[in-house]
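Report on one structure; see the data block that follows.
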Amino acid sequence: MPGGGAPGNAAAELEAASAPSTGAAGSTGAAAPTPTGSPTPSSTRTALPLSPVRQVAPGEKILVTDDTRIWFTANQRCDESRESDGSWHTSFGCRDVRSDNLEHDKPSVYAQTSGNRDRSVVASFYLGPTPSRIVAFFDGKPTVATIVTTAGMKGWTGYYVVLPPMPTGDPSAHRRPAGPAIGVYDAEGKLLAENPGTASDGSDERAPQRL
């Protein structure tokens, strides 16, 4: 993972994307500590608004927060963060959606999270048919993400969402770093793809199968 994030920022890349399922989230390689709590059910109970769609020119930079900006091309998602001296440097670099190590045989959503003491930003992409909603769930609370499109995109969509700061992990309590689950939904509220997260109590955070 490229360096260069703003000092004091905690950056984490979540690459365990999956199509909707009822099983536990898959491992990303290293053995994960056993969660201390039970899975956190996420339920919206009321209809959520559709994700706003932001159409931009290829390479046009989007200022998500005062210290985070992203941009998209026909095949890539890129980002950078502002340093304390005002200069901009990459956090995760650019990710090519045509990469062989991504899921191309089923809908899949990816999440890259950066943040500081004031906020967390999740910005990444979804591979699959055009969605109606992309939603972040943390401790059961849904936050609708903004969808980003640009000329030349085929079979994928960018997105970003700003959330409150995430609690840090507690190794002594075998607690993983917290992060939201990301769910992608069609017009009828059916889950198309999910990237599971971790609730503040260390339990699994999952997107509901239906909104």
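Residues in the structure tokens are numbered from 1 in each chain, the chains being A, B, ... in the order shown, and ligands are numbered from 1 in the order shown.
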**Request:** List the neighbours of Leu163 of chain A out to 10 Å using only C-alpha atoms; skip same-chain residues closer than 5 positions along the sequence, and give me the result as a ChimeraX atom specification.
**Result:** /A:115,118-122,136-138,143,145,179-180
Residue selection dump (all heavy atoms) as a PDB file, in the first residue's frame:
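The resulting file, again.pdb, is shown below:
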ATOM      1  N   GLY A 115      -8.915   7.906   7.341  1.00  0.00           N
ATOM      2  CA  GLY A 115      -9.597   8.777   8.283  1.00  0.00           C
ATOM      3  C   GLY A 115      -8.670   9.395   9.303  1.00  0.00           C
ATOM      4  O   GLY A 115      -7.462   9.147   9.318  1.00  0.00           O
ATOM      5  N   ASP A 118     -11.512  13.172  13.164  1.00  0.00           N
ATOM      6  CA  ASP A 118     -12.762  13.870  12.862  1.00  0.00           C
ATOM      7  C   ASP A 118     -13.728  13.075  12.000  1.00  0.00           C
ATOM      8  O   ASP A 118     -14.941  13.238  12.105  1.00  0.00           O
ATOM      9  CB  ASP A 118     -12.464  15.196  12.154  1.00  0.00           C
ATOM     10  CG  ASP A 118     -11.637  16.134  13.009  1.00  0.00           C
ATOM     11  OD1 ASP A 118     -11.926  16.231  14.220  1.00  0.00           O
ATOM     12  OD2 ASP A 118     -10.696  16.752  12.475  1.00  0.00           O
ATOM     13  N   ARG A 119     -13.201  12.218  11.117  1.00  0.00           N
ATOM     14  CA  ARG A 119     -14.074  11.542  10.164  1.00  0.00           C
ATOM     15  C   ARG A 119     -13.366  10.348   9.546  1.00  0.00           C
ATOM     16  O   ARG A 119     -12.141  10.206   9.654  1.00  0.00           O
ATOM     17  CB  ARG A 119     -14.494  12.505   9.055  1.00  0.00           C
ATOM     18  CG  ARG A 119     -13.334  12.926   8.172  1.00  0.00           C
ATOM     19  CD  ARG A 119     -13.729  13.928   7.124  1.00  0.00           C
ATOM     20  NE  ARG A 119     -14.004  15.229   7.696  1.00  0.00           N
ATOM     21  CZ  ARG A 119     -13.078  16.165   7.885  1.00  0.00           C
ATOM     22  NH1 ARG A 119     -11.813  15.915   7.591  1.00  0.00           N
ATOM     23  NH2 ARG A 119     -13.394  17.331   8.387  1.00  0.00           N
ATOM     24  N   SER A 120     -14.168   9.510   8.871  1.00  0.00           N
ATOM     25  CA  SER A 120     -13.645   8.421   8.052  1.00  0.00           C
ATOM     26  C   SER A 120     -14.202   8.580   6.643  1.00  0.00           C
ATOM     27  O   SER A 120     -15.353   8.994   6.473  1.00  0.00           O
ATOM     28  CB  SER A 120     -14.062   7.057   8.610  1.00  0.00           C
ATOM     29  OG  SER A 120     -13.480   6.819   9.873  1.00  0.00           O
ATOM     30  N   VAL A 121     -13.400   8.253   5.655  1.00  0.00           N
ATOM     31  CA  VAL A 121     -13.826   8.317   4.260  1.00  0.00           C
ATOM     32  C   VAL A 121     -13.661   6.934   3.644  1.00  0.00           C
ATOM     33  O   VAL A 121     -12.586   6.334   3.733  1.00  0.00           O
ATOM     34  CB  VAL A 121     -12.997   9.342   3.461  1.00  0.00           C
ATOM     35  CG1 VAL A 121     -13.383   9.303   1.981  1.00  0.00           C
ATOM     36  CG2 VAL A 121     -13.184  10.740   4.025  1.00  0.00           C
ATOM     37  N   VAL A 122     -14.728   6.422   3.055  1.00  0.00           N
ATOM     38  CA  VAL A 122     -14.662   5.176   2.297  1.00  0.00           C
ATOM     39  C   VAL A 122     -14.875   5.546   0.835  1.00  0.00           C
ATOM     40  O   VAL A 122     -15.882   6.170   0.489  1.00  0.00           O
ATOM     41  CB  VAL A 122     -15.729   4.165   2.747  1.00  0.00           C
ATOM     42  CG1 VAL A 122     -15.542   2.836   2.009  1.00  0.00           C
ATOM     43  CG2 VAL A 122     -15.664   3.943   4.255  1.00  0.00           C
ATOM     44  N   ALA A 136     -23.351   2.358   3.265  1.00  0.00           N
ATOM     45  CA  ALA A 136     -22.418   1.945   4.315  1.00  0.00           C
ATOM     46  C   ALA A 136     -23.209   1.702   5.592  1.00  0.00           C
ATOM     47  O   ALA A 136     -24.071   2.509   5.961  1.00  0.00           O
ATOM     48  CB  ALA A 136     -21.364   3.025   4.540  1.00  0.00           C
ATOM     49  N   PHE A 137     -22.928   0.576   6.267  1.00  0.00           N
ATOM     50  CA  PHE A 137     -23.587   0.243   7.530  1.00  0.00           C
ATOM     51  C   PHE A 137     -22.531   0.147   8.623  1.00  0.00           C
ATOM     52  O   PHE A 137     -21.552  -0.588   8.482  1.00  0.00           O
ATOM     53  CB  PHE A 137     -24.311  -1.101   7.429  1.00  0.00           C
ATOM     54  CG  PHE A 137     -25.435  -1.118   6.432  1.00  0.00           C
ATOM     55  CD1 PHE A 137     -25.200  -1.493   5.116  1.00  0.00           C
ATOM     56  CD2 PHE A 137     -26.723  -0.766   6.803  1.00  0.00           C
ATOM     57  CE1 PHE A 137     -26.229  -1.513   4.188  1.00  0.00           C
ATOM     58  CE2 PHE A 137     -27.760  -0.782   5.882  1.00  0.00           C
ATOM     59  CZ  PHE A 137     -27.511  -1.157   4.568  1.00  0.00           C
ATOM     60  N   PHE A 138     -22.726   0.905   9.701  1.00  0.00           N
ATOM     61  CA  PHE A 138     -21.822   0.796  10.844  1.00  0.00           C
ATOM     62  C   PHE A 138     -22.640   0.819  12.124  1.00  0.00           C
ATOM     63  O   PHE A 138     -23.435   1.738  12.343  1.00  0.00           O
ATOM     64  CB  PHE A 138     -20.788   1.921  10.861  1.00  0.00           C
ATOM     65  CG  PHE A 138     -19.751   1.734  11.926  1.00  0.00           C
ATOM     66  CD1 PHE A 138     -18.845   0.692  11.838  1.00  0.00           C
ATOM     67  CD2 PHE A 138     -19.711   2.557  13.034  1.00  0.00           C
ATOM     68  CE1 PHE A 138     -17.902   0.479  12.833  1.00  0.00           C
ATOM     69  CE2 PHE A 138     -18.773   2.362  14.034  1.00  0.00           C
ATOM     70  CZ  PHE A 138     -17.865   1.316  13.933  1.00  0.00           C
ATOM     71  N   THR A 143     -25.758   4.698   5.976  1.00  0.00           N
ATOM     72  CA  THR A 143     -25.430   5.988   5.379  1.00  0.00           C
ATOM     73  C   THR A 143     -25.312   5.786   3.878  1.00  0.00           C
ATOM     74  O   THR A 143     -24.515   4.963   3.416  1.00  0.00           O
ATOM     75  CB  THR A 143     -24.105   6.548   5.926  1.00  0.00           C
ATOM     76  OG1 THR A 143     -24.181   6.655   7.355  1.00  0.00           O
ATOM     77  CG2 THR A 143     -23.823   7.924   5.339  1.00  0.00           C
ATOM     78  N   ALA A 145     -24.209   6.262   0.188  1.00  0.00           N
ATOM     79  CA  ALA A 145     -23.013   6.767  -0.481  1.00  0.00           C
ATOM     80  C   ALA A 145     -23.378   7.486  -1.774  1.00  0.00           C
ATOM     81  O   ALA A 145     -24.463   7.288  -2.337  1.00  0.00           O
ATOM     82  CB  ALA A 145     -22.058   5.615  -0.782  1.00  0.00           C
ATOM     83  N   GLY A 179     -14.805  -1.024  11.033  1.00  0.00           N
ATOM     84  CA  GLY A 179     -15.022  -0.493   9.694  1.00  0.00           C
ATOM     85  C   GLY A 179     -16.406  -0.873   9.211  1.00  0.00           C
ATOM     86  O   GLY A 179     -16.971  -1.888   9.639  1.00  0.00           O
ATOM     87  N   PRO A 180     -16.997  -0.078   8.328  1.00  0.00           N
ATOM     88  CA  PRO A 180     -18.369  -0.328   7.898  1.00  0.00           C
ATOM     89  C   PRO A 180     -18.488  -1.490   6.924  1.00  0.00           C
ATOM     90  O   PRO A 180     -17.529  -1.845   6.229  1.00  0.00           O
ATOM     91  CB  PRO A 180     -18.751   0.981   7.205  1.00  0.00           C
ATOM     92  CG  PRO A 180     -17.449   1.466   6.636  1.00  0.00           C
ATOM     93  CD  PRO A 180     -16.414   1.110   7.671  1.00  0.00           C
TER      94      PRO A 180
END
I want to know what sits within 8 Å of Gln76 of chain A, based on only C-alpha atoms, with residues of the same chain fewer than 5 positions away left out; could you give that as a short mmCIF file (atom, residue, chain, number, x, y, z; two decimals) with all heavy atoms, in the first residue's frame?
data_model
loop_
_atom_site.label_atom_id
_atom_site.label_comp_id
_atom_site.auth_asym_id
_atom_site.auth_seq_id
_atom_site.Cartn_x
_atom_site.Cartn_y
_atom_site.Cartn_z
N CYS A 94 -3.57 4.46 -7.50
CA CYS A 94 -4.64 4.18 -8.46
C CYS A 94 -4.88 2.68 -8.53
O CYS A 94 -3.94 1.89 -8.46
CB CYS A 94 -4.27 4.70 -9.84
SG CYS A 94 -4.20 6.51 -9.93
N ARG A 95 -6.14 2.31 -8.65
CA ARG A 95 -6.50 0.90 -8.77
C ARG A 95 -7.21 0.68 -10.09
O ARG A 95 -8.21 1.34 -10.39
CB ARG A 95 -7.42 0.49 -7.61
CG ARG A 95 -7.72 -1.01 -7.55
CD ARG A 95 -6.45 -1.78 -7.22
NE ARG A 95 -6.64 -3.21 -7.30
CZ ARG A 95 -7.04 -3.97 -6.29
NH1 ARG A 95 -7.33 -3.43 -5.13
NH2 ARG A 95 -7.15 -5.28 -6.43
N ASP A 96 -6.69 -0.25 -10.89
CA ASP A 96 -7.27 -0.56 -12.19
C ASP A 96 -8.35 -1.62 -12.03
O ASP A 96 -8.09 -2.70 -11.49
CB ASP A 96 -6.18 -1.06 -13.14
CG ASP A 96 -6.61 -1.04 -14.60
OD1 ASP A 96 -7.71 -1.54 -14.89
OD2 ASP A 96 -5.85 -0.52 -15.43
N VAL A 97 -9.56 -1.32 -12.48
CA VAL A 97 -10.68 -2.24 -12.29
C VAL A 97 -10.58 -3.46 -13.19
O VAL A 97 -11.35 -4.41 -13.04
CB VAL A 97 -12.03 -1.53 -12.52
CG1 VAL A 97 -12.21 -0.39 -11.54
CG2 VAL A 97 -12.16 -1.04 -13.96
#
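Between atom CA of Lys141 of chain A and atom CA of Ala199 of chain A there is a distance of 10.4 Å.
The neighbours of Leu50 of chain A here are the residues that come within 12 Å of it, using only C-alpha atoms and leaving out any residue fewer than 2 positions away in the same chain; they are A:Ala47, A:Leu48, A:Pro52, A:Val53, A:Pro131, A:Ser132, A:Arg133, A:Ile134, A:Val135, A:Thr143, A:Val144, A:Ala145, A:Thr146, A:Ile147, A:Val184, A:Tyr185, A:Asp186, A:Ala187, A:Glu188, A:Gly189, A:Leu211.
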With N, CA and C atoms kept, could you save the residues just selected as a CSV table (one decimal), in the first residue's frame?
chain,number,residue,atom,x,y,z
A,47,ALA,N,-37.5,3.0,4.0
A,47,ALA,CA,-36.9,3.1,2.7
A,47,ALA,C,-35.8,4.2,2.7
A,48,LEU,N,-34.6,3.8,2.2
A,48,LEU,CA,-33.6,4.8,2.1
A,48,LEU,C,-33.7,5.5,0.7
A,52,PRO,N,-27.2,9.5,-4.6
A,52,PRO,CA,-27.0,10.6,-5.6
A,52,PRO,C,-26.0,10.2,-6.5
A,53,VAL,N,-26.1,10.6,-7.8
A,53,VAL,CA,-25.1,10.2,-8.8
A,53,VAL,C,-24.4,11.5,-9.3
A,131,PRO,N,-26.1,0.1,-10.1
A,131,PRO,CA,-26.9,0.0,-8.8
A,131,PRO,C,-27.8,1.2,-8.6
A,132,SER,N,-28.7,1.1,-7.8
A,132,SER,CA,-29.6,2.2,-7.4
A,132,SER,C,-29.1,2.8,-6.1
A,133,ARG,N,-28.5,2.0,-5.2
A,133,ARG,CA,-28.0,2.4,-3.9
A,133,ARG,C,-26.7,1.7,-3.6
A,134,ILE,N,-25.8,2.5,-3.0
A,134,ILE,CA,-24.6,1.9,-2.3
A,134,ILE,C,-24.7,2.5,-0.9
A,135,VAL,N,-24.7,1.6,0.1
A,135,VAL,CA,-24.9,2.0,1.5
A,135,VAL,C,-23.9,1.5,2.4
A,143,THR,N,-25.8,4.7,6.0
A,143,THR,CA,-25.4,6.0,5.4
A,143,THR,C,-25.3,5.8,3.9
A,144,VAL,N,-26.1,6.5,3.1
A,144,VAL,CA,-26.1,6.3,1.7
A,144,VAL,C,-24.9,7.0,1.0
A,145,ALA,N,-24.2,6.3,0.2
A,145,ALA,CA,-23.0,6.8,-0.5
A,145,ALA,C,-23.4,7.5,-1.8
A,146,THR,N,-22.5,8.3,-2.3
A,146,THR,CA,-22.6,9.0,-3.6
A,146,THR,C,-22.0,8.1,-4.6
A,147,ILE,N,-22.7,7.9,-5.7
A,147,ILE,CA,-22.2,7.1,-6.8
A,147,ILE,C,-21.5,8.1,-7.8
A,184,VAL,N,-24.5,-3.1,-1.8
A,184,VAL,CA,-24.9,-2.5,-3.1
A,184,VAL,C,-26.3,-3.1,-3.5
A,185,TYR,N,-27.2,-2.2,-3.8
A,185,TYR,CA,-28.6,-2.6,-4.0
A,185,TYR,C,-29.2,-2.2,-5.4
A,186,ASP,N,-30.1,-3.0,-5.9
A,186,ASP,CA,-30.8,-2.7,-7.1
A,186,ASP,C,-32.0,-1.8,-6.7
A,187,ALA,N,-32.8,-1.5,-7.7
A,187,ALA,CA,-34.0,-0.5,-7.6
A,187,ALA,C,-35.0,-1.1,-6.6
A,188,GLU,N,-35.1,-2.4,-6.5
A,188,GLU,CA,-36.1,-3.0,-5.6
A,188,GLU,C,-35.5,-3.3,-4.2
A,189,GLY,N,-34.3,-2.8,-3.9
A,189,GLY,CA,-33.7,-3.0,-2.6
A,189,GLY,C,-33.1,-4.3,-2.3
A,211,LEU,N,-33.4,-4.0,1.7
A,211,LEU,CA,-33.6,-2.7,2.4
A,211,LEU,C,-35.1,-2.6,2.7
**Asked** Of the candidates A:Ile62, A:Met166, A:Ile182, A:Val148, which shows the shortest atom-to-atom distance to Ser200 of chain A, using only C-alpha atoms?
**Response** A:Met166
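Counting only C-alpha atoms, the residue from A:Gln112, A:Thr130, A:Asn101, A:Thr65 that sits nearest to Ala193 of chain A is A:Thr130.
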**Spatial neighbours of Glu205 of chain A, 6 Å, only C-alpha atoms, chain gap at least 5 places, as a ChimeraX atom specification** = /A:40,181,196-199
**Prompt:** Counting only C-alpha atoms, which of A:Phe72, A:Pro177, A:Asp105, A:Pro49 gets nearest to Gly152 of chain A?
**Reply:** A:Phe72
